[in-house]
Amino acid sequence: MDGQGEPLITMRNVGLRYGTGPEVLRDLDLELAEGSFHFLTGRSGAGKSSLLSLLHLSRRPSRGLMQVFGHDTNDLPLRELPMLRRRIGVVFQDFRLLDHLTAQENIALPLKVANAMEGARIDEIVGELIDWVGLTKQAQARPPTLSGGEKQRVAIARAVISSPRLLLADEPTGNVDDEMGERLMRLFVKLNSLGTTIMIATHDRSLPVRYGYPLLHLEDGRLSREIVSDEPTGGMKDGSV
Amino acid sequence: MAASELSLDRDPSSRFVPWIVAALSLMCAIALGTAFALASMTEGWSRSAADQVTLRVATGSTDVPALVDQVSRLSAVSRIERLPRDRVAAMLQPWLGDLAASDNDLLPLPELIDVRLNPGADLQPLSAIIADLPEVTLDSADAWLAPLQDLTSLARMVAWALAAVAVGAIMLVTVFATRSALVNQRPTVDLLRLIGAADGYIARRFQRHGLRLALVGGIAGTVPGLIVIFFATAAARLQGATLLNGLSPSLAGWIAIAALPLIVAVVATFTARITVLKLLRASW
């Protein structure tokens, strides 16, 4: 079901409504191929975060068919949810770091909750990742003492530590300056070159133009695919960070 | 990774839990102490009543020494004693006053023969001996003991019911505290689920927290409870009443009461776990 070439995510005629309110997402048809990189754009309130919440299995569609790693979410038993969620890394717009834990402890959370390896091995992996995102000196700092860019990198490190097959990022460059935004984007490109499927939600229409990846655009809850005609920025898709 | 993902120790809804659990544990310990002490006492009554009968011989023509000799030959009898007159007089003194002790014919005292039986002995041969002696009556303790045993059984049931109510209240307190903590920790719980934490993993954090609170409260309530039971039963025994001689929990009873904090902790642990799992499984 999860074999190479199979789409990681399939949506057919998917709709989402909150409670008895109107549909915020309508008639979505989407396939995310393994190893792909997409931008998701749309005005504020267009449904970007709602679509991401479907993709990271926070919500079930109100209607339609949605398959995640080959599993139909309509028939998905609750006990299988954690296993699927562990294959998805999420970078939230508001980071969602735990303030009472250190940066190192925040990053280690996905491995800890998966209970798949010993503490010493977790510390080793976290150490490598902290170096990779350039937060060695801030390893023992707690989120309230970190800058926006540092928090963003902690959130990214937490999202990728369990080597997810799908990485979703909601406005990952929204809270940082241009230089930091550029560094973070290079990080995502590098991850994609290593095989991770990536979707980045952004309101910044210049990002898809600069990087040349396919663009999914949400307008009033409906999804459209746009081809970005501009050539990608040189060197961005070669995986260099 | 020493710190816990859920900062339950700082949860305001948990602060009152040890105090309430302590009060309920104290109530439960005293109720259990009462139940066990009454059980011990009535067991003692039953034991002594079962192997002891009294032959009461009204003044008349019966040859008491011959009767004692005849009864002592029965295999069911382990010991027999003809009570001396002064002991009979002492027993009747509360009702008859000095008249019981006076040696006169105006108030003839009955002869009392205390007969100890082997455990499980059949009374039939003894009854057969006295069947032809109308002046001899067989007194068994059952007659006056049965209503007392009924009364203590009722008291024991009330004590057990109180203990059950206390444990039930501890479960309710745990349910409310857990629900409240889960509401306060909801953003963190949601995050943990999103990064792949199974519901059981989250429930373990809450059940460990519940265990800690209940254990602290349980110890804080049970220790004073044990002290109260010890002094209350000792004071009752010091009253000197023969009936209250066995009024103290058995060793097993003391151990059961001492184990109350563990029982409370286990109850709270499972209650917290079930509460969390039920709430989490209600949402995707």
# chains A, B, ... in the order shown; residues from 1 in each chain; ligands from 1
>>> closest_atom_pairs(of="chain A", to="chain B", cutoff="8 Å", atoms="only C-alpha atoms", output="CSV")
residue,atom,partner,partner_atom,distance
A:His56,CA,B:Leu194,CA,7.4
A:Leu57,CA,B:Leu194,CA,7.6
A:Ser58,CA,B:Leu194,CA,6.9
A:Arg59,CA,B:Trp284,CA,6.7
A:Arg60,CA,B:Trp284,CA,7.6
A:Leu78,CA,B:Trp284,CA,7.0
A:Arg79,CA,B:Ala198,CA,7.5
A:Leu81,CA,B:Gly196,CA,7.7
A:Pro82,CA,B:Gly196,CA,4.3
A:Met83,CA,B:Gly196,CA,6.4
A:Leu84,CA,B:Gly196,CA,7.6
A:Arg85,CA,B:Gly196,CA,5.0
A:Arg86,CA,B:Gly196,CA,4.7
A:Ile88,CA,B:Ile195,CA,7.8
A:Gly89,CA,B:Ile195,CA,7.3
A:Val90,CA,B:Ile195,CA,7.8
A:Arg96,CA,B:Leu191,CA,7.4
A:Leu98,CA,B:Thr188,CA,7.3
A:His100,CA,B:Ser7,CA,7.6
A:Leu101,CA,B:Ala3,CA,6.7
A:Glu105,CA,B:Met1,CA,6.0
A:Leu109,CA,B:Ile195,CA,7.9
A:Pro110,CA,B:Ile195,CA,5.6
A:Val113,CA,B:Ala197,CA,5.0
A:Ala114,CA,B:Ala197,CA,6.3
A:Gly119,CA,B:Met1,CA,7.4
>>> residues_around(residues="Glu150 in chain A", least_positions_apart="3", cutoff="12 Å", atoms="only C-alpha atoms", output="VMD selection string")
chain A and resid 95 97 103 130 133 to 139 141 to 147 153 to 157 172 to 173 175 to 177 180 to 181 183 to 184
>>> closest_residue(among="A:Val24, A:Ala108, A:Leu223, A:Leu207", to="Phe39 in chain A", atoms="only C-alpha atoms")
A:Leu207
>>> atom_distance(atom1="CA of Thr62 in chain B", atom2="CA of Pro84 in chain B")
16.6 Å
>>> select_by_dssp(residues="range 16-125 of chain B", states="strand (DSSP E or B)", output="VMD selection string")
chain B and resid 52 to 57 77 to 82 111 to 117
>>> select_by_dssp(residues="range 134-236 of chain A", states="alpha helix (DSSP H)", output="JSON, numbers by chain")
{"A": [148, 149, 150, 151, 152, 153, 154, 155, 156, 157, 158, 159, 160, 178, 179, 180, 181, 182, 183, 184, 185, 186, 187, 188, 189, 190, 191, 192, 193, 206, 207, 208, 209, 210, 211]}
>>> write_last_selection(atoms="N, CA and C atoms", output="CSV table (one decimal), in the first residue's frame")
chain,number,residue,atom,x,y,z
A,148,GLY,N,12.4,34.1,17.6
A,148,GLY,CA,11.5,33.5,16.7
A,148,GLY,C,12.1,32.5,15.8
A,149,GLY,N,13.3,32.9,15.2
A,149,GLY,CA,14.0,32.0,14.3
A,149,GLY,C,14.5,30.7,15.0
A,150,GLU,N,14.9,30.9,16.2
A,150,GLU,CA,15.4,29.7,17.0
A,150,GLU,C,14.3,28.8,17.3
A,151,LYS,N,13.1,29.4,17.7
A,151,LYS,CA,11.9,28.5,17.9
A,151,LYS,C,11.5,27.8,16.7
A,152,GLN,N,11.6,28.5,15.6
A,152,GLN,CA,11.2,27.9,14.3
A,152,GLN,C,12.1,26.7,14.0
A,153,ARG,N,13.4,26.9,14.3
A,153,ARG,CA,14.3,25.8,14.0
A,153,ARG,C,14.1,24.6,14.9
A,154,VAL,N,13.8,24.9,16.2
A,154,VAL,CA,13.5,23.8,17.1
A,154,VAL,C,12.2,23.1,16.6
A,155,ALA,N,11.2,23.8,16.2
A,155,ALA,CA,10.0,23.2,15.7
A,155,ALA,C,10.3,22.3,14.4
A,156,ILE,N,11.2,22.8,13.6
A,156,ILE,CA,11.6,22.1,12.4
A,156,ILE,C,12.3,20.8,12.8
A,157,ALA,N,13.3,21.0,13.7
A,157,ALA,CA,14.0,19.8,14.2
A,157,ALA,C,13.1,18.8,14.8
A,158,ARG,N,12.1,19.2,15.5
A,158,ARG,CA,11.2,18.3,16.1
A,158,ARG,C,10.4,17.6,15.0
A,159,ALA,N,10.0,18.3,14.0
A,159,ALA,CA,9.2,17.7,12.9
A,159,ALA,C,10.0,16.7,12.1
A,160,VAL,N,11.3,16.8,12.0
A,160,VAL,CA,12.0,15.9,11.1
A,160,VAL,C,12.8,14.8,11.9
A,178,ASP,N,14.1,37.8,6.6
A,178,ASP,CA,14.4,37.3,5.3
A,178,ASP,C,15.5,36.3,5.3
A,179,GLU,N,16.6,36.7,6.0
A,179,GLU,CA,17.8,35.8,6.0
A,179,GLU,C,17.5,34.5,6.6
A,180,MET,N,16.8,34.5,7.7
A,180,MET,CA,16.4,33.3,8.4
A,180,MET,C,15.5,32.5,7.6
A,181,GLY,N,14.5,33.2,6.9
A,181,GLY,CA,13.6,32.5,6.0
A,181,GLY,C,14.3,31.8,4.9
A,182,GLU,N,15.3,32.4,4.4
A,182,GLU,CA,16.1,31.8,3.3
A,182,GLU,C,16.8,30.5,3.8
A,183,ARG,N,17.3,30.6,5.0
A,183,ARG,CA,18.1,29.5,5.6
A,183,ARG,C,17.1,28.3,5.8
A,184,LEU,N,15.9,28.7,6.3
A,184,LEU,CA,14.9,27.6,6.6
A,184,LEU,C,14.5,26.9,5.3
A,185,MET,N,14.3,27.8,4.3
A,185,MET,CA,13.8,27.2,3.0
A,185,MET,C,14.9,26.2,2.4
A,186,ARG,N,16.2,26.6,2.6
A,186,ARG,CA,17.3,25.7,2.1
A,186,ARG,C,17.2,24.4,2.9
A,187,LEU,N,16.8,24.5,4.2
A,187,LEU,CA,16.7,23.3,5.0
A,187,LEU,C,15.6,22.4,4.4
A,188,PHE,N,14.5,23.0,4.0
A,188,PHE,CA,13.4,22.1,3.5
A,188,PHE,C,13.8,21.5,2.1
A,189,VAL,N,14.5,22.3,1.3
A,189,VAL,CA,15.0,21.8,0.0
A,189,VAL,C,15.9,20.6,0.3
A,190,LYS,N,16.8,20.7,1.2
A,190,LYS,CA,17.7,19.7,1.6
A,190,LYS,C,17.0,18.4,2.0
A,191,LEU,N,16.0,18.6,2.9
A,191,LEU,CA,15.2,17.4,3.3
A,191,LEU,C,14.5,16.8,2.2
A,192,ASN,N,13.9,17.6,1.2
A,192,ASN,CA,13.2,17.0,0.1
A,192,ASN,C,14.2,16.2,-0.8
A,193,SER,N,15.4,16.7,-0.9
A,193,SER,CA,16.4,16.0,-1.7
A,193,SER,C,16.8,14.7,-1.0
A,206,SER,N,5.7,34.9,-3.5
A,206,SER,CA,7.0,35.0,-4.2
A,206,SER,C,7.8,33.7,-3.9
A,207,LEU,N,7.5,33.0,-2.9
A,207,LEU,CA,8.3,31.8,-2.5
A,207,LEU,C,8.2,30.7,-3.7
A,208,PRO,N,7.0,30.4,-4.1
A,208,PRO,CA,6.9,29.4,-5.2
A,208,PRO,C,7.6,29.9,-6.5
A,209,VAL,N,7.6,31.2,-6.7
A,209,VAL,CA,8.3,31.7,-7.9
A,209,VAL,C,9.8,31.5,-7.7
A,210,ARG,N,10.3,31.8,-6.5
A,210,ARG,CA,11.7,31.7,-6.3
A,210,ARG,C,12.2,30.3,-6.4
A,211,TYR,N,11.4,29.4,-5.9
A,211,TYR,CA,11.9,28.0,-5.8
A,211,TYR,C,11.4,27.1,-6.9
>>> residues_around(residues="Thr178 in chain B", least_positions_apart="5", cutoff="8 Å", atoms="only C-alpha atoms", output="list of chain:residue names")
B:Phe206, B:Gly210, B:Ala272, B:Thr275, B:Val276
>>> residues_around(residues="range 4-19 of chain A", least_positions_apart="5", cutoff="7 Å", atoms="only C-alpha atoms", output="PyMOL selection string")
chain A and resi 24-34+61-70
